[in-house]
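Engineer: Contents of entry-v1.cif (mmCIF, C-alpha atoms) are given next:
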```cif
data_upload
loop_
_atom_site.label_atom_id
_atom_site.label_comp_id
_atom_site.auth_asym_id
_atom_site.auth_seq_id
_atom_site.Cartn_x
_atom_site.Cartn_y
_atom_site.Cartn_z
CA MET A 1 -210.91 91.89 35.64
CA THR A 2 -210.83 93.15 32.10
CA THR A 3 -211.97 96.65 31.29
CA SER A 4 -214.85 95.43 29.16
CA ARG A 5 -218.06 97.36 29.67
CA ARG A 6 -219.93 94.08 29.62
CA PHE A 7 -220.84 92.93 33.11
CA LEU A 8 -219.36 89.58 34.01
CA LEU A 9 -219.83 88.14 37.46
CA SER A 10 -216.67 86.15 37.07
CA SER A 11 -214.59 89.27 36.54
CA TYR A 12 -215.17 91.03 39.83
CA ASN A 13 -212.06 89.78 41.56
CA VAL A 14 -209.57 90.63 38.81
CA MET A 15 -209.81 94.40 38.38
CA GLY A 16 -209.06 96.52 41.44
CA ARG A 17 -212.43 98.05 42.24
CA ALA A 18 -212.57 100.52 45.10
CA LEU A 19 -215.86 99.90 46.87
CA ALA A 20 -217.19 102.02 49.66
CA ALA A 21 -220.52 101.26 51.27
CA PHE A 22 -222.74 102.96 53.79
CA SER A 23 -225.93 101.72 55.37
CA CYS A 24 -228.71 103.59 57.05
CA ALA A 25 -231.95 102.39 58.58
CA ALA A 26 -232.51 104.52 61.67
CA ILE A 27 -234.18 107.56 60.15
CA ALA A 28 -233.35 110.13 62.77
CA ALA A 29 -229.80 108.91 63.29
CA CYS A 30 -228.57 108.72 59.69
CA GLY A 31 -225.35 110.64 59.38
CA GLY A 32 -222.43 111.17 57.11
CA GLY A 33 -220.64 108.05 58.26
CA GLY A 34 -223.58 105.75 57.97
CA GLY A 35 -225.52 105.04 61.11
CA GLY A 36 -227.00 101.59 60.91
CA GLY A 37 -227.70 98.71 58.70
CA GLY A 38 -231.28 97.62 58.81
CA GLY A 39 -231.83 96.68 62.42
CA ALA A 40 -235.04 97.73 64.08
CA LEU A 41 -236.97 99.60 61.42
CA PRO A 42 -238.09 103.02 62.62
CA VAL A 43 -241.73 103.97 62.86
CA LEU A 44 -242.58 107.66 62.78
CA ALA A 45 -244.47 109.15 65.68
CA SER A 46 -247.00 110.88 63.44
CA THR A 47 -249.55 108.95 61.43
CA PRO A 48 -248.86 109.57 57.73
CA ALA A 49 -251.57 109.64 55.14
CA SER A 50 -252.02 106.82 52.65
CA ASN A 51 -249.26 106.78 50.02
CA ALA A 52 -250.33 106.63 46.41
CA GLY A 53 -246.96 105.18 45.50
CA ALA A 54 -247.29 102.08 47.66
CA PRO A 55 -247.35 98.70 45.93
CA ALA A 56 -250.71 97.44 44.73
CA THR A 57 -250.95 94.72 47.32
CA THR A 58 -253.28 94.23 50.24
CA PRO A 59 -251.53 93.37 53.50
CA PRO A 60 -252.69 90.01 54.82
CA ALA A 61 -254.74 89.85 57.98
CA THR A 62 -252.61 89.57 61.10
CA ALA A 63 -255.03 87.93 63.51
CA THR A 64 -253.34 85.28 65.62
CA PRO A 65 -254.47 81.77 64.60
CA ASN A 66 -255.59 79.13 67.04
CA ASP A 67 -252.07 77.71 67.45
CA GLY A 68 -250.85 81.09 68.70
CA VAL A 69 -248.29 81.56 65.91
CA GLN A 70 -248.38 84.93 64.18
CA PRO A 71 -248.96 84.41 60.43
CA ALA A 72 -246.63 85.68 57.76
CA THR A 73 -247.37 88.97 56.00
CA LEU A 74 -244.86 88.40 53.22
CA VAL A 75 -245.41 89.74 49.70
CA ALA A 76 -245.40 86.97 47.08
CA SER A 77 -246.01 89.09 43.95
CA VAL A 78 -245.49 92.70 42.91
CA PRO A 79 -246.44 94.77 39.85
CA PRO A 80 -244.00 94.62 36.91
CA ALA A 81 -241.11 97.06 37.20
CA THR A 82 -240.81 99.89 34.70
CA TYR A 83 -237.01 99.93 34.53
CA GLY A 84 -236.02 99.39 30.90
CA ALA A 85 -235.61 95.82 29.70
CA GLY A 86 -232.02 94.75 30.28
CA SER A 87 -231.16 98.01 32.05
CA GLU A 88 -228.94 98.14 35.11
CA GLY A 89 -231.96 99.10 37.20
CA ARG A 90 -233.98 96.15 35.93
CA GLN A 91 -231.11 93.75 36.59
CA ALA A 92 -230.68 95.09 40.13
CA PHE A 93 -234.42 94.93 40.85
CA GLU A 94 -234.80 91.39 39.55
CA LEU A 95 -231.75 90.08 41.39
CA LEU A 96 -232.78 91.69 44.68
CA ASN A 97 -236.25 90.15 44.49
CA ALA A 98 -234.90 86.78 43.36
CA GLU A 99 -232.64 86.64 46.41
CA ARG A 100 -235.27 87.91 48.84
CA GLY A 101 -237.94 85.62 47.43
CA ARG A 102 -235.81 82.47 47.39
CA CYS A 103 -234.89 82.86 51.05
CA GLY A 104 -238.36 83.82 52.29
CA PHE A 105 -237.93 87.54 52.98
CA GLY A 106 -240.74 88.63 50.63
CA LEU A 107 -240.64 90.76 47.50
CA VAL A 108 -240.37 94.53 47.24
CA ALA A 109 -242.25 96.63 44.69
CA GLN A 110 -240.73 99.37 42.57
CA ASN A 111 -241.87 102.77 43.82
CA ALA A 112 -241.53 105.83 41.58
CA GLN A 113 -241.20 108.22 44.50
CA LEU A 114 -238.37 106.21 46.03
CA ASP A 115 -236.78 105.98 42.58
CA ALA A 116 -236.82 109.78 42.35
CA ALA A 117 -235.36 110.20 45.84
CA ALA A 118 -232.67 107.61 45.12
CA GLN A 119 -231.60 109.27 41.87
CA ALA A 120 -231.55 112.73 43.41
CA HIS A 121 -229.32 111.61 46.28
CA ALA A 122 -227.04 109.54 44.05
CA ASP A 123 -226.58 112.61 41.84
CA TRP A 124 -225.95 114.82 44.87
CA GLN A 125 -223.15 112.53 46.04
CA ILE A 126 -221.45 112.60 42.65
CA LEU A 127 -221.88 116.34 42.12
CA ASN A 128 -220.48 117.09 45.58
CA ASN A 129 -217.87 114.31 45.69
CA GLN A 130 -219.46 112.78 48.79
CA LEU A 131 -220.48 109.37 50.10
CA SER A 132 -222.98 110.20 52.79
CA HIS A 133 -226.52 109.79 54.05
CA THR A 134 -226.62 113.49 54.97
CA GLU A 135 -226.91 116.32 52.44
CA VAL A 136 -225.86 119.88 53.12
CA THR A 137 -228.34 122.68 52.54
CA GLY A 138 -227.38 124.94 49.65
CA THR A 139 -225.11 122.45 47.87
CA PRO A 140 -225.73 121.49 44.22
CA GLY A 141 -228.60 119.04 43.87
CA PHE A 142 -229.76 119.33 47.50
CA THR A 143 -233.16 117.67 48.13
CA GLY A 144 -233.14 117.09 51.90
CA VAL A 145 -230.80 116.60 54.84
CA THR A 146 -231.84 113.08 55.89
CA PRO A 147 -233.18 110.06 54.01
CA LEU A 148 -236.61 110.75 55.48
CA ASP A 149 -236.47 114.36 54.30
CA ARG A 150 -235.58 113.27 50.79
CA VAL A 151 -238.21 110.55 50.36
CA SER A 152 -240.81 112.89 51.84
CA ALA A 153 -239.81 115.61 49.36
CA ALA A 154 -240.37 113.06 46.58
CA GLY A 155 -243.89 112.38 47.91
CA TYR A 156 -243.37 109.08 49.73
CA VAL A 157 -245.22 109.01 53.06
CA ALA A 158 -243.04 106.66 55.09
CA ALA A 159 -243.61 104.74 58.26
CA GLY A 160 -240.13 103.27 57.85
CA VAL A 161 -237.33 103.94 55.39
CA GLY A 162 -233.84 102.60 54.81
CA GLU A 163 -230.99 103.66 52.55
CA GLU A 164 -228.22 101.41 51.26
CA ILE A 165 -225.37 102.90 49.21
CA SER A 166 -222.26 101.57 47.55
CA SER A 167 -219.87 103.45 45.32
CA LEU A 168 -217.23 102.36 42.81
CA PHE A 169 -214.29 104.50 41.76
CA TYR A 170 -212.77 102.67 38.81
CA SER A 171 -215.07 104.02 36.05
CA GLY A 172 -217.63 106.69 35.37
CA SER A 173 -219.84 104.26 33.47
CA ILE A 174 -222.70 102.45 35.19
CA ALA A 175 -222.29 99.34 33.01
CA GLY A 176 -222.34 96.27 35.23
CA THR A 177 -223.09 98.16 38.43
CA GLY A 178 -226.67 96.96 38.96
CA VAL A 179 -225.88 93.33 39.72
CA PHE A 180 -222.59 94.27 41.36
CA GLY A 181 -224.34 96.67 43.76
CA VAL A 182 -226.90 94.08 44.87
CA ARG A 183 -224.32 91.32 45.25
CA ALA A 184 -221.98 93.56 47.24
CA LEU A 185 -224.65 94.89 49.58
CA LEU A 186 -226.01 91.38 50.16
CA ALA A 187 -222.54 90.23 51.29
CA LEU A 188 -221.82 93.04 53.77
CA PRO A 189 -223.14 92.21 57.28
CA TYR A 190 -224.90 95.48 58.08
CA HIS A 191 -226.00 96.22 54.54
CA GLN A 192 -227.53 92.80 53.98
CA LEU A 193 -229.76 93.38 56.99
CA GLY A 194 -231.14 96.51 55.35
CA MET A 195 -231.55 94.89 51.93
CA LEU A 196 -233.44 91.97 53.50
CA SER A 197 -235.52 93.76 56.12
CA GLY A 198 -239.30 94.03 56.11
CA TYR A 199 -239.68 96.88 53.64
CA ARG A 200 -242.33 96.65 50.92
CA ASP A 201 -241.12 99.28 48.43
CA VAL A 202 -237.82 100.04 46.74
CA GLY A 203 -236.31 102.79 44.63
CA ILE A 204 -233.10 102.13 42.71
CA ALA A 205 -230.63 104.52 41.10
CA LEU A 206 -227.41 103.54 39.34
CA ARG A 207 -225.63 106.77 38.48
CA GLY A 208 -222.18 107.64 37.18
CA SER A 209 -219.87 110.58 36.74
CA ASP A 210 -220.02 110.13 32.97
CA GLN A 211 -223.77 110.86 33.08
CA LEU A 212 -223.25 113.97 35.20
CA GLY A 213 -220.17 115.27 33.41
CA THR A 214 -217.87 115.20 36.44
CA THR A 215 -215.42 112.47 35.41
CA ALA A 216 -212.84 114.92 34.10
CA SER A 217 -213.07 117.30 37.05
CA ARG A 218 -213.53 114.89 39.96
CA GLY A 219 -212.47 111.52 38.61
CA PRO A 220 -214.48 108.43 37.65
CA ARG A 221 -217.24 107.41 40.04
CA THR A 222 -220.51 105.49 40.20
CA VAL A 223 -223.13 105.26 42.94
CA GLN A 224 -225.46 102.34 43.56
CA GLN A 225 -228.35 103.74 45.60
CA PHE A 226 -231.19 101.69 47.11
CA ASN A 227 -234.00 103.42 48.99
CA LEU A 228 -236.41 101.08 50.76
CA GLY A 229 -239.58 101.85 52.67
CA PHE A 230 -243.00 100.89 53.89
CA THR A 231 -246.10 102.93 54.63
CA ARG A 232 -248.16 102.78 57.79
CA SER A 233 -251.21 101.54 55.91
CA ALA A 234 -249.28 98.62 54.38
CA GLY A 235 -247.09 97.85 57.38
CA ARG A 236 -243.87 95.93 57.19
CA GLN A 237 -243.42 92.42 55.84
CA GLU A 238 -242.99 89.73 58.47
CA PRO A 239 -242.29 86.00 58.46
CA ALA A 240 -244.57 83.76 60.50
CA GLY A 241 -243.77 83.67 64.18
CA ASP A 242 -242.30 80.18 63.97
CA GLN A 243 -240.12 80.83 60.90
CA VAL A 244 -236.34 81.20 60.99
CA LEU A 245 -234.95 82.77 57.83
CA THR A 246 -231.38 82.84 56.57
CA TYR A 247 -229.47 84.55 53.80
CA PRO A 248 -227.82 82.89 52.02
CA CYS A 249 -230.25 79.98 52.15
CA GLU A 250 -230.51 76.56 50.55
CA GLY A 251 -229.63 76.87 46.87
CA THR A 252 -228.25 80.42 46.91
CA THR A 253 -225.42 80.84 44.42
CA GLY A 254 -223.13 83.66 43.30
CA VAL A 255 -222.44 84.97 46.83
CA PHE A 256 -219.45 87.31 46.99
CA TYR A 257 -216.65 85.40 48.70
CA GLU A 258 -214.84 88.32 50.33
CA ILE A 259 -215.55 91.73 51.86
CA THR A 260 -212.85 94.36 52.31
CA ASN A 261 -214.80 97.47 53.27
CA GLU A 262 -217.92 98.33 55.24
CA THR A 263 -219.07 101.32 57.24
CA PRO A 264 -219.78 100.78 60.04
CA ASN A 265 -216.99 98.23 60.40
CA PRO A 266 -218.36 94.98 61.89
CA VAL A 267 -214.93 94.43 63.50
CA PRO A 268 -213.86 97.90 64.70
CA GLY A 269 -210.14 98.46 64.44
CA ARG A 270 -209.61 95.71 61.89
CA ASP A 271 -208.26 96.79 58.51
CA LEU A 272 -210.57 94.85 56.24
CA ARG A 273 -208.46 95.54 53.17
CA ALA A 274 -205.45 93.92 54.81
CA SER A 275 -207.47 91.26 56.63
CA PRO A 276 -210.75 90.62 54.77
CA LEU A 277 -213.82 88.83 56.09
CA GLY A 278 -216.08 86.36 54.38
CA PRO A 279 -219.68 87.26 53.49
CA GLY A 280 -222.20 87.60 56.29
CA VAL A 281 -224.83 84.93 56.88
CA VAL A 282 -228.02 86.52 58.18
CA VAL A 283 -230.30 84.65 60.58
CA ALA A 284 -233.61 86.39 61.29
CA VAL A 285 -237.00 85.82 62.85
CA ARG A 286 -240.12 87.97 63.13
CA SER A 287 -239.48 91.45 64.52
CA GLY A 288 -240.48 91.80 68.15
CA GLN A 289 -239.28 88.28 68.87
CA THR A 290 -235.90 87.30 70.33
CA LEU A 291 -233.36 85.20 68.46
CA THR A 292 -230.51 83.44 70.20
CA ILE A 293 -227.68 81.48 68.58
CA SER A 294 -226.27 78.55 70.56
CA SER A 295 -224.04 77.04 67.88
CA ALA A 296 -222.99 77.71 64.29
CA THR A 297 -220.61 75.96 61.94
CA MET A 298 -219.56 76.35 58.31
CA THR A 299 -217.67 73.81 56.23
CA THR A 300 -216.89 73.31 52.59
CA LEU A 301 -219.44 70.97 51.02
CA SER A 302 -216.68 68.95 49.41
CA GLY A 303 -214.20 67.63 51.96
CA ARG A 304 -215.99 69.24 54.92
CA ALA A 305 -213.08 71.56 55.63
CA PRO A 306 -214.07 73.77 58.58
CA VAL A 307 -214.39 77.54 58.19
CA ALA A 308 -213.50 79.71 61.18
CA LEU A 309 -216.46 81.88 62.18
CA ARG A 310 -216.36 84.91 64.40
CA PRO A 311 -218.66 84.90 67.46
CA PRO A 312 -222.24 85.49 66.25
CA LEU A 313 -223.07 89.15 65.78
CA THR A 314 -226.25 89.81 67.78
CA LYS A 315 -227.89 92.76 69.48
CA ASN A 316 -225.91 92.01 72.63
CA SER A 317 -222.54 91.62 70.87
CA ASP A 318 -222.89 94.21 68.07
CA PRO A 319 -220.18 96.86 68.58
CA ASN A 320 -222.11 99.33 66.44
CA ALA A 321 -225.53 98.82 68.10
CA VAL A 322 -227.26 98.18 64.78
CA LEU A 323 -228.83 94.74 65.19
CA ALA A 324 -232.26 94.19 66.70
CA PRO A 325 -233.13 91.27 69.01
CA HIS A 326 -234.62 89.27 66.11
CA GLN A 327 -231.42 89.34 64.03
CA ALA A 328 -227.99 87.69 64.01
CA VAL A 329 -225.14 87.56 61.51
CA LEU A 330 -222.55 84.81 61.21
CA ILE A 331 -219.28 86.12 59.75
CA PRO A 332 -216.39 84.00 58.44
CA ASP A 333 -213.15 85.29 59.95
CA ALA A 334 -211.38 85.24 56.58
CA SER A 335 -212.27 85.27 52.91
CA LEU A 336 -214.10 82.23 51.57
CA MET A 337 -212.97 80.57 48.36
CA PRO A 338 -214.51 81.64 45.05
CA ASN A 339 -216.80 79.26 43.17
CA THR A 340 -217.10 76.95 46.16
CA SER A 341 -220.06 75.32 47.90
CA TYR A 342 -220.44 75.57 51.66
CA THR A 343 -222.65 73.98 54.33
CA VAL A 344 -223.93 76.03 57.26
CA SER A 345 -225.49 74.54 60.39
CA VAL A 346 -226.99 76.86 62.99
CA ALA A 347 -228.97 76.20 66.15
CA GLY A 348 -230.60 78.44 68.72
CA THR A 349 -233.98 79.61 69.92
CA ASN A 350 -236.76 81.68 68.37
CA ASP A 351 -238.57 83.33 71.25
CA GLY A 352 -237.53 80.44 73.43
CA THR A 353 -238.41 77.66 70.97
CA PRO A 354 -235.38 75.62 69.87
CA PHE A 355 -234.51 75.41 66.16
CA GLU A 356 -231.84 73.86 63.98
CA LYS A 357 -231.13 74.70 60.33
CA THR A 358 -228.66 73.27 57.85
CA PHE A 359 -228.33 74.54 54.29
CA ASN A 360 -225.88 74.76 51.40
CA PHE A 361 -224.88 77.83 49.38
CA ALA A 362 -222.21 78.62 46.82
CA THR A 363 -219.90 81.55 46.29
CA GLY A 364 -219.25 83.05 42.88
CA ALA A 365 -216.14 84.72 41.52
CA GLY A 366 -217.03 88.22 42.76
CA ALA A 367 -215.81 90.07 45.84
CA ALA A 368 -216.99 93.23 47.62
CA ARG A 369 -213.79 95.19 47.09
#
```
Please express what this file holds, its structure, as structure tokens.
Structural biologist:
Amino acid sequence: MTTSRRFLLSSYNVMGRALAAFSCAAIAACGGGGGGGGGALPVLASTPASNAGAPATTPPATATPNDGVQPATLVASVPPATYGAGSEGRQAFELLNAERGRCGFGLVAQNAQLDAAAQAHADWQILNNQLSHTEVTGTPGFTGVTPLDRVSAAGYVAAGVGEEISSLFYSGSIAGTGVFGVRALLALPYHQLGMLSGYRDVGIALRGSDQLGTTASRGPRTVQQFNLGFTRSAGRQEPAGDQVLTYPCEGTTGVFYEITNETPNPVPGRDLRASPLGPGVVVAVRSGQTLTISSATMTTLSGRAPVALRPPLTKNSDPNAVLAPHQAVLIPDASLMPNTSYTVSVAGTNDGTPFEKTFNFATGAGAAR
């Protein structure tokens, strides 16, 4: 990659970018090492009051129709974001919603309270030279120990909240980090679950050591922080009971072709920098239902060259106990090829009902390194 401040998707794999990523979705269990990646979304025991920062949408009725299939409660439109035109935040927001919307996961609305919590925690990590979901009382920029503490301090009354973080160490400038952060997190198996889960609101912060004046003292650093949540009054987004969603899905392009770092590690003991994986392929159904995978294949679209996949990552096989029963991730056992189209075929059951899906997606030139 060149050192140009202009963001170019095609340049990700040339410059040596040090990427570290942590994922957190279990509110009470979020720790310094990252304790989950968007599995079963937590629901607080207490009943929070209505949140003024929730998106201006009315959750659809959830009565079961005559055919017995639970209807979707997916969000199809959200208010315009207030991130500046062309800003890193706007680019990240628009890409995240484009990817979620295309593949049927529903849109998320910008939330000012989650924005504030995201920026405060991103700044805390840079000021204290940390990459963590847990803040330490009394340290510079402290706003709360856990993600729930921090969003609550910002005024967001959460029924569920997730936190996805990546950090780059090659520059103190945030130029190009908005799209990079989304693409990277959507390639990492645990992080993509959090980025695609049934949240309704999002707060985004792209912060750098140049902004905070720590580049000279602590070295160059940026943080890409995504706080996601839903309120009890709005509830979480859900697909219909008979839907099977995937990410990538038919027509997805620009997928990062390689991952070299994730915490928690989806293959414990494997050095991902020495032996990278390909990007995760999420398969998901409505929460509360059970997904099983009976077969899965991936080939190149041209030539039909087979791609070796690891055994499906499911609740029963997940070494880090992150996935819920309605989720699975298919993981290529080695890097894919850049700028290449692939075909995925997957079969299994959704709450006992058989399904088969086949779709094509394409990698770009970027990698989660």
Engineer: In terms of the shortest atom-to-atom distance over all atoms listed in the file, which of A:Gly106, A:Arg150, A:Asn227, A:His191 is closest to A:Val136?
Structural biologist: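 Ranked by minimum distance to A:Val136, first place goes to A:Arg150.
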Engineer: Any idea what's packed within 10 Å of stretch 318-330 of chain A, counting all atoms listed in the file, ignoring anything in its chain fewer than 2 positions away? Could you give it as a ChimeraX atom specification?
Structural biologist: /A:24-26,35-41,189-190,192-193,197,244-247,263-268,278-293,296-298,309-316,332-333,344,346,350-351
Engineer: Which residues are near A:Gly181? Cut-off 10 Å, only C-alpha atoms, ignore same chain within fewer than 2 positions. Put them as a ChimeraX atom specification.
Structural biologist: /A:19,21,88,92,96,164-168,176-179,183-186,206,223-226,368
Engineer: Keeping C-alpha atoms for every residue in the selection just given, could you write it to a file as a PDB file, in the coordinates of the input?
Structural biologist:
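Now in result-v4.pdb:
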```
ATOM      1  CA  LEU A  19    -215.860  99.900  46.870  1.00  0.00           C
ATOM      2  CA  ALA A  21    -220.520 101.260  51.270  1.00  0.00           C
ATOM      3  CA  GLU A  88    -228.940  98.140  35.110  1.00  0.00           C
ATOM      4  CA  ALA A  92    -230.680  95.090  40.130  1.00  0.00           C
ATOM      5  CA  LEU A  96    -232.780  91.690  44.680  1.00  0.00           C
ATOM      6  CA  GLU A 164    -228.220 101.410  51.260  1.00  0.00           C
ATOM      7  CA  ILE A 165    -225.370 102.900  49.210  1.00  0.00           C
ATOM      8  CA  SER A 166    -222.260 101.570  47.550  1.00  0.00           C
ATOM      9  CA  SER A 167    -219.870 103.450  45.320  1.00  0.00           C
ATOM     10  CA  LEU A 168    -217.230 102.360  42.810  1.00  0.00           C
ATOM     11  CA  GLY A 176    -222.340  96.270  35.230  1.00  0.00           C
ATOM     12  CA  THR A 177    -223.090  98.160  38.430  1.00  0.00           C
ATOM     13  CA  GLY A 178    -226.670  96.960  38.960  1.00  0.00           C
ATOM     14  CA  VAL A 179    -225.880  93.330  39.720  1.00  0.00           C
ATOM     15  CA  ARG A 183    -224.320  91.320  45.250  1.00  0.00           C
ATOM     16  CA  ALA A 184    -221.980  93.560  47.240  1.00  0.00           C
ATOM     17  CA  LEU A 185    -224.650  94.890  49.580  1.00  0.00           C
ATOM     18  CA  LEU A 186    -226.010  91.380  50.160  1.00  0.00           C
ATOM     19  CA  LEU A 206    -227.410 103.540  39.340  1.00  0.00           C
ATOM     20  CA  VAL A 223    -223.130 105.260  42.940  1.00  0.00           C
ATOM     21  CA  GLN A 224    -225.460 102.340  43.560  1.00  0.00           C
ATOM     22  CA  GLN A 225    -228.350 103.740  45.600  1.00  0.00           C
ATOM     23  CA  PHE A 226    -231.190 101.690  47.110  1.00  0.00           C
ATOM     24  CA  ALA A 368    -216.990  93.230  47.620  1.00  0.00           C
TER      25      ALA A 368
END
```
Engineer: Kindly give the distance, in Å, that separates atom CA of A:Ile126 and atom CA of A:Pro276, rounded to a single decimal.
Structural biologist: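 Distance between the two atoms: 27.3 Å.
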Engineer: Looking at A:Asn111, A:Ser173, A:Thr343, A:Gln70, which one is nearest to A:Tyr156, with distances taken over all atoms listed in the file?
Structural biologist: A:Asn111
Engineer: May I have the residues at most 9 Å from (-220.8, 107.4, 40.4) in the file's coordinates, counting only C-alpha atoms, as a PyMOL selection string?
Structural biologist: chain A and resi 122-123+125-126+167-169+171-174+206-212+215+220-224
Engineer: Compare A:Cys249, A:Val307, A:Ala109, A:Gly138 by their minimum atom-to-atom distance to A:Phe230, counting all atoms listed in the file, and give me the closest one.
Structural biologist: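 For A:Phe230, the nearest of the given residues is A:Ala109.
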Engineer: Calculate how many Å separate atom CA of A:Gly144 from atom CA of A:Arg232, rounding to one decimal.
Structural biologist: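 Calculated distance between atom CA of A:Gly144 and atom CA of A:Arg232 is 21.6 Å.
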Engineer: Running the PyMOL selection byres ((chain A and resi 356) around 7) on this model by hand, what would come out? Give it as a ChimeraX atom specification.
Structural biologist: /A:346-348,355,357-358
